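K.L.:
Here you go, one structure.
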Amino acid sequence: MAFFEMAKTALRTVLSRPATIRYPFEPAKKTLLTRGHVTIDESKCISCGTCQRKCPAQAILLNKEEKTWQIDRLRCVVCNSCIDTCPVKCLFMDTQYTAPVVSRGVDIITITYVKPVKAADKGEAQG
Amino acid sequence: MTKQIIIPFGPQHPVLPEPIHLDLVLEDEMVVEAIPSIGYIHRGFEKLVEKREFTEYVYVAERTCGICSFIHGLTYCQGIEEIMKVEVPERALYLRTIWSEYSRLHSHLLWLGLFADSFGFENLFMNAWRIRERILDVMEQTTGGRVIQGSCKIGGVRRDINGEKLAQMSKDLDSIQQELEELTNVFLRDASIKHRLKNVGVLSRDDAYSLGAAGPTARGSGVAIDLRKTGYAAYGKLNFQPAVESDGDCYARCMVRCRELFTSIDLIQQAIRKIPDGPTDVKVTGAPDGEYFTRSEQPRGELVHYLKGNGTKFLVRSRIRTPTLTNIPPLVKMLQGCELADVPVIVLSIDPCISCTER
């Protein structure tokens, strides 16, 4: 049976710096692997739709006709599934969390990838 | 005969982090019966298994619980690997063990904090959570997520930890161990805490066994059941003894969890020393055809996943039985005959995780 068992810890806490960060005056903790939000390099995306199929939250929608890639940030669970399965590695994880929003909406990105013309086709086109 | 009155406890109550409702039948200040009801946060995860590919369901399985998420993912992956006869690389098994034990550390520290809060010791709550933050930092540095790790996948793990980081983790654990000793000494030795917890919510060994108590609730009553002893992941290659106490009161359950913190640190240190080099995953092709019951030890007790596949990419059935569900009948037993003022402490002593329970 002991009394004042907490005294040592309490005293040290009083004399040491706070354990918390003065956010937003100091930046929040981040690591290299922190999953913040998904970004896309629209110039590399080949519109294969793997990310849409592999998304467990069904947050991604790819429109092949209009060549748009859209993501619902409030549905996205930031699991890294799309990034791991992307065959051309055009998706990346940003370590920054998305900012708070006041209404639902989707981020629509227009894909600018142009399929390179093969050497044979090129010859025909020129010839 | 004394007049009986019914006091509703929950689903919204300052001591409950998650909603569960108890109807407490009182005679004066004494609880004669407690009638539990759940169903406030059912999300239908088990049904979702039919709509998501089995490889993507890992993410869903992990989100069953916000505290022992990694172990849910691990258990699900184990089940699928057993059905598909996938040989997981040794290094992946060790990494799974390390993350499982980190999950246990953070879960037990969370519980110690909430438990301290339930008997009104807010300073201790803050101190427990300050140490927990260091554990979460390691989780984030190694997996990318603080509470939802997402590092387990069918056939291995998604991320590796390099030797340098493992050495640093081992060093950090030494200093965390010192802080934990200070913290657990307050829980186990302080006169006022001891007075508050001793002989409160007593569950006998026979009751714990027959009512199906799991995890620290069972071990606090002297039932030495620890699923880690079955040797899943890399536990079979590590040396440890489960913490068992025989008193069966809130103090015994608190003591079991305090001792388990040190067991977890020891297990991580052993795993870091023994971890072999090699690949962290194998390529998995095909789809599961068959059924399997897979079990593992969550911070709260035994977790069971039942999985059934029919050879397509979509499983036909998933059943998750979580430790809190099996700990509710023992809780009802503990509450019989206790004082009304002891109810919050007793409810917290089983470490209720209701989101898990309702899936």
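Following the order of the structure tokens, chains are lettered A, B, ..., residues in each are numbered from 1, and ligands are numbered from 1.
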Just list as a list in words whatever in segment 124-260 of chain B DSSP marks as strand (DSSP E).

P.N.:
Cys152, Lys153, Gly156 and Val157 of chain B

K.L.:
Could you please tell me, as a ChimeraX atom specification, which residues of chain B have an atom within 8 Å of chain A when using only C-alpha atoms?

P.N.:
/B:52-53,56-57,59-60,130,140-145,150,182,185-186,189-191

K.L.:
Output N, CA and C atoms for every residue in that selection, as a PDB file, in the first residue's frame.

P.N.:
ATOM      1  N   ARG B  52     -17.631  -7.163 -51.919  1.00  0.00           N
ATOM      2  CA  ARG B  52     -16.252  -6.731 -52.134  1.00  0.00           C
ATOM      3  C   ARG B  52     -15.387  -7.948 -52.449  1.00  0.00           C
ATOM      4  N   GLU B  53     -14.424  -7.765 -53.320  1.00  0.00           N
ATOM      5  CA  GLU B  53     -13.527  -8.878 -53.631  1.00  0.00           C
ATOM      6  C   GLU B  53     -12.788  -9.293 -52.361  1.00  0.00           C
ATOM      7  N   GLU B  56      -9.938  -7.139 -51.294  1.00  0.00           N
ATOM      8  CA  GLU B  56     -10.256  -5.794 -50.799  1.00  0.00           C
ATOM      9  C   GLU B  56     -10.954  -5.831 -49.444  1.00  0.00           C
ATOM     10  N   TYR B  57     -11.526  -7.005 -49.121  1.00  0.00           N
ATOM     11  CA  TYR B  57     -12.263  -7.094 -47.860  1.00  0.00           C
ATOM     12  C   TYR B  57     -11.334  -6.948 -46.645  1.00  0.00           C
ATOM     13  N   TYR B  59      -9.443  -4.532 -46.032  1.00  0.00           N
ATOM     14  CA  TYR B  59      -9.612  -3.152 -45.553  1.00  0.00           C
ATOM     15  C   TYR B  59     -10.901  -3.005 -44.757  1.00  0.00           C
ATOM     16  N   VAL B  60     -11.940  -3.736 -45.206  1.00  0.00           N
ATOM     17  CA  VAL B  60     -13.221  -3.665 -44.502  1.00  0.00           C
ATOM     18  C   VAL B  60     -13.093  -4.371 -43.152  1.00  0.00           C
ATOM     19  N   ARG B 130      -0.575   9.717 -22.882  1.00  0.00           N
ATOM     20  CA  ARG B 130       0.673  10.333 -23.366  1.00  0.00           C
ATOM     21  C   ARG B 130       1.660   9.236 -23.799  1.00  0.00           C
ATOM     22  N   GLU B 140       2.520   4.764 -36.918  1.00  0.00           N
ATOM     23  CA  GLU B 140       2.397   5.632 -38.089  1.00  0.00           C
ATOM     24  C   GLU B 140       3.688   5.626 -38.909  1.00  0.00           C
ATOM     25  N   GLN B 141       4.819   5.624 -38.210  1.00  0.00           N
ATOM     26  CA  GLN B 141       6.098   5.615 -38.927  1.00  0.00           C
ATOM     27  C   GLN B 141       6.312   4.325 -39.719  1.00  0.00           C
ATOM     28  N   THR B 142       5.781   3.214 -39.206  1.00  0.00           N
ATOM     29  CA  THR B 142       6.054   1.935 -39.878  1.00  0.00           C
ATOM     30  C   THR B 142       4.954   1.516 -40.850  1.00  0.00           C
ATOM     31  N   THR B 143       3.718   1.955 -40.610  1.00  0.00           N
ATOM     32  CA  THR B 143       2.631   1.501 -41.489  1.00  0.00           C
ATOM     33  C   THR B 143       1.953   2.631 -42.253  1.00  0.00           C
ATOM     34  N   GLY B 144       2.026   3.848 -41.748  1.00  0.00           N
ATOM     35  CA  GLY B 144       1.362   4.962 -42.414  1.00  0.00           C
ATOM     36  C   GLY B 144       0.048   5.349 -41.771  1.00  0.00           C
ATOM     37  N   GLY B 145      -0.438   4.527 -40.834  1.00  0.00           N
ATOM     38  CA  GLY B 145      -1.698   4.847 -40.176  1.00  0.00           C
ATOM     39  C   GLY B 145      -1.548   4.742 -38.670  1.00  0.00           C
ATOM     40  N   GLY B 150      -3.570  -0.939 -41.994  1.00  0.00           N
ATOM     41  CA  GLY B 150      -3.668  -1.336 -43.401  1.00  0.00           C
ATOM     42  C   GLY B 150      -2.404  -1.971 -43.933  1.00  0.00           C
ATOM     43  N   GLU B 182       6.428   3.121 -14.109  1.00  0.00           N
ATOM     44  CA  GLU B 182       5.940   4.203 -13.253  1.00  0.00           C
ATOM     45  C   GLU B 182       4.415   4.262 -13.257  1.00  0.00           C
ATOM     46  N   ASN B 185       2.739   1.196 -11.603  1.00  0.00           N
ATOM     47  CA  ASN B 185       2.885   1.258 -10.146  1.00  0.00           C
ATOM     48  C   ASN B 185       1.775   2.071  -9.514  1.00  0.00           C
ATOM     49  N   VAL B 186       1.370   3.156 -10.214  1.00  0.00           N
ATOM     50  CA  VAL B 186       0.272   3.964  -9.679  1.00  0.00           C
ATOM     51  C   VAL B 186      -1.003   3.128  -9.647  1.00  0.00           C
ATOM     52  N   ARG B 189      -0.352   0.043  -6.973  1.00  0.00           N
ATOM     53  CA  ARG B 189       0.084   0.230  -5.582  1.00  0.00           C
ATOM     54  C   ARG B 189      -0.671   1.326  -4.841  1.00  0.00           C
ATOM     55  N   ASP B 190      -1.183   2.315  -5.598  1.00  0.00           N
ATOM     56  CA  ASP B 190      -1.784   3.467  -4.932  1.00  0.00           C
ATOM     57  C   ASP B 190      -2.953   3.048  -4.036  1.00  0.00           C
ATOM     58  N   ALA B 191      -2.959   3.584  -2.823  1.00  0.00           N
ATOM     59  CA  ALA B 191      -3.935   3.144  -1.818  1.00  0.00           C
ATOM     60  C   ALA B 191      -5.365   3.420  -2.261  1.00  0.00           C
TER      61      ALA B 191
END

K.L.:
Where does segment 165-202 of chain B meet segment 255-273 of chain B within 9 Å, residue by residue, with the nearest atom pair and distance in Å to one decimal for each, counting only C-alpha atoms, listed by chain and rising number, as a tab-separated table?

P.N.:
residue	atom	partner	partner_atom	distance
B:Leu166	CA	B:Ile272	CA	6.4
B:Ala167	CA	B:Ile272	CA	7.7
B:Met169	CA	B:Ile272	CA	8.8
B:Ser170	CA	B:Gln269	CA	6.1
B:Leu173	CA	B:Ile265	CA	6.8
B:Asp174	CA	B:Ile265	CA	8.5
B:Ile176	CA	B:Ile265	CA	9.0
B:Gln177	CA	B:Phe262	CA	7.2
B:Leu180	CA	B:Leu261	CA	8.0
B:Glu181	CA	B:Phe262	CA	8.7
B:Thr184	CA	B:Cys258	CA	6.0
B:Phe187	CA	B:Met255	CA	8.1
B:Leu188	CA	B:Met255	CA	6.8

K.L.:
Residues as selected, N, CA and C atoms, written as a tab-separated table (two decimals), in the first residue's frame, can you do that?

P.N.:
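Writing the result to again.tsv gives the following:
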chain	number	residue	atom	x	y	z
B	166	LEU	N	14.06	-1.07	-36.89
B	166	LEU	CA	13.79	-2.08	-35.86
B	166	LEU	C	14.67	-1.84	-34.63
B	167	ALA	N	15.95	-1.47	-34.87
B	167	ALA	CA	16.86	-1.22	-33.76
B	167	ALA	C	16.38	-0.01	-32.96
B	169	MET	N	13.29	1.06	-32.77
B	169	MET	CA	12.06	0.68	-32.05
B	169	MET	C	12.41	-0.04	-30.75
B	170	SER	N	13.40	-0.93	-30.85
B	170	SER	CA	13.81	-1.69	-29.68
B	170	SER	C	14.34	-0.76	-28.59
B	173	LEU	N	11.52	1.16	-27.00
B	173	LEU	CA	10.71	0.34	-26.09
B	173	LEU	C	11.33	0.27	-24.70
B	174	ASP	N	12.68	0.36	-24.63
B	174	ASP	CA	13.32	0.36	-23.31
B	174	ASP	C	12.88	1.56	-22.49
B	176	ILE	N	10.15	3.33	-23.07
B	176	ILE	CA	8.70	3.22	-22.82
B	176	ILE	C	8.45	2.30	-21.63
B	177	GLN	N	9.27	1.25	-21.54
B	177	GLN	CA	9.11	0.30	-20.44
B	177	GLN	C	9.27	0.99	-19.08
B	180	LEU	N	6.25	2.96	-18.39
B	180	LEU	CA	5.14	2.07	-18.06
B	180	LEU	C	5.24	1.56	-16.63
B	181	GLU	N	6.46	1.31	-16.19
B	181	GLU	CA	6.63	0.83	-14.81
B	181	GLU	C	6.10	1.85	-13.83
B	184	THR	N	2.18	1.86	-14.20
B	184	THR	CA	1.47	0.70	-13.64
B	184	THR	C	1.63	0.65	-12.12
B	187	PHE	N	-1.28	2.41	-10.73
B	187	PHE	CA	-2.50	1.60	-10.79
B	187	PHE	C	-2.50	0.49	-9.74
B	188	LEU	N	-1.36	-0.12	-9.54
B	188	LEU	CA	-1.34	-1.33	-8.72
B	188	LEU	C	-1.01	-1.09	-7.25

K.L.:
One number please: atom CA of Tyr23 of chain A to atom CA of Pro100 of chain A, in Å, one decimal.

P.N.:
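Distance between the two atoms: 15.2 Å.
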
K.L.:
I'd like to know which of B:Thr294, B:Thr324, B:Ser210, B:Ser107 is closest to Glu358 of chain B, using only C-alpha atoms.

P.N.:
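Smallest separation from Glu358 of chain B among the options: B:Thr324.
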
K.L.:
In Å, how far is it from atom CA of Trp129 of chain B to atom CA of Val147 of chain B?

P.N.:
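Distance reported for this atom pair: 13.7 Å.
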
K.L.:
Which polymer residues have any atom within 9 Å of an atom of Asp107 of chain A, counting only C-alpha atoms, with same-chain residues fewer than 4 positions away left out, as a list in words?

P.N.:
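Residues near the query, excluding close chain neighbours: Trp69, Gln70, Ile71, Asp72 and Arg73 of chain A.
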
K.L.:
Would you kindly return, as an NGL selection string, each protein, DNA or RNA residue with an atom no farther than 10 Å from any atom of segment 305-314 of chain B, considering only C-alpha atoms and excluding same-chain residues fewer than 2 positions away?

P.N.:
:B and (46 or 48-57 or 61 or 72 or 75-80 or 83-84 or 286-296 or 303 or 316-322)

K.L.:
Report, in Å with one decimal, the straight-line distance from atom CA of Cys68 of chain B to atom CA of Asp281 of chain B.

P.N.:
22.2 Å

K.L.:
Just list as a PyMOL selection string whatever in segment 266-338 of chain B DSSP marks as helix (DSSP H, G or I).

P.N.:
chain B and resi 266-274+323-335

K.L.:
Go ahead and write the residues just picked, N, CA and C atoms, as a compact mmCIF listing (two decimals), in the first residue's frame.

P.N.:
# COMPACT_ATOMS: atom_id res chain seq x y z
N ASP B 266 8.16 -7.44 -24.18
CA ASP B 266 9.11 -8.54 -24.25
C ASP B 266 8.98 -9.31 -25.56
N LEU B 267 7.71 -9.54 -25.99
CA LEU B 267 7.47 -10.26 -27.24
C LEU B 267 8.02 -9.48 -28.44
N ILE B 268 7.82 -8.14 -28.42
CA ILE B 268 8.33 -7.33 -29.54
C ILE B 268 9.85 -7.41 -29.56
N GLN B 269 10.47 -7.29 -28.38
CA GLN B 269 11.94 -7.35 -28.31
C GLN B 269 12.46 -8.69 -28.82
N GLN B 270 11.78 -9.77 -28.42
CA GLN B 270 12.20 -11.10 -28.91
C GLN B 270 12.05 -11.20 -30.42
N ALA B 271 10.90 -10.68 -30.92
CA ALA B 271 10.65 -10.75 -32.37
C ALA B 271 11.68 -9.94 -33.14
N ILE B 272 12.05 -8.77 -32.61
CA ILE B 272 13.06 -7.94 -33.29
C ILE B 272 14.40 -8.66 -33.33
N ARG B 273 14.72 -9.37 -32.26
CA ARG B 273 16.00 -10.10 -32.23
C ARG B 273 16.00 -11.28 -33.21
N LYS B 274 14.83 -11.94 -33.33
CA LYS B 274 14.79 -13.18 -34.10
C LYS B 274 14.36 -13.01 -35.55
N PRO B 323 -14.52 -10.60 -28.82
CA PRO B 323 -14.45 -10.93 -27.39
C PRO B 323 -15.46 -10.18 -26.53
N THR B 324 -15.82 -8.95 -26.91
CA THR B 324 -16.76 -8.22 -26.05
C THR B 324 -18.12 -8.91 -26.01
N LEU B 325 -18.52 -9.51 -27.14
CA LEU B 325 -19.80 -10.20 -27.18
C LEU B 325 -19.82 -11.34 -26.15
N THR B 326 -18.71 -12.07 -26.05
CA THR B 326 -18.69 -13.18 -25.10
C THR B 326 -18.47 -12.68 -23.67
N ASN B 327 -17.99 -11.44 -23.55
CA ASN B 327 -17.78 -10.91 -22.20
C ASN B 327 -19.02 -10.25 -21.61
N ILE B 328 -20.08 -10.12 -22.41
CA ILE B 328 -21.29 -9.49 -21.87
C ILE B 328 -22.00 -10.39 -20.83
N PRO B 329 -22.19 -11.71 -21.08
CA PRO B 329 -22.79 -12.54 -20.01
C PRO B 329 -21.99 -12.51 -18.69
N PRO B 330 -20.64 -12.61 -18.72
CA PRO B 330 -19.92 -12.44 -17.45
C PRO B 330 -20.14 -11.07 -16.82
N LEU B 331 -20.27 -10.03 -17.66
CA LEU B 331 -20.50 -8.68 -17.13
C LEU B 331 -21.83 -8.63 -16.37
N VAL B 332 -22.86 -9.24 -16.96
CA VAL B 332 -24.17 -9.25 -16.32
C VAL B 332 -24.07 -9.96 -14.96
N LYS B 333 -23.29 -11.03 -14.93
CA LYS B 333 -23.09 -11.78 -13.68
C LYS B 333 -22.37 -10.91 -12.63
N MET B 334 -21.33 -10.17 -13.12
CA MET B 334 -20.56 -9.32 -12.19
C MET B 334 -21.43 -8.23 -11.58
N LEU B 335 -22.37 -7.72 -12.40
CA LEU B 335 -23.17 -6.59 -11.94
C LEU B 335 -24.20 -6.99 -10.89

K.L.:
I'd like to know which of B:Gly120, B:Pro299, B:Pro19, B:Gly66 is closest to Ser192 of chain B, using only C-alpha atoms.

P.N.:
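That would be B:Gly120, the residue with the smallest distance to Ser192 of chain B.
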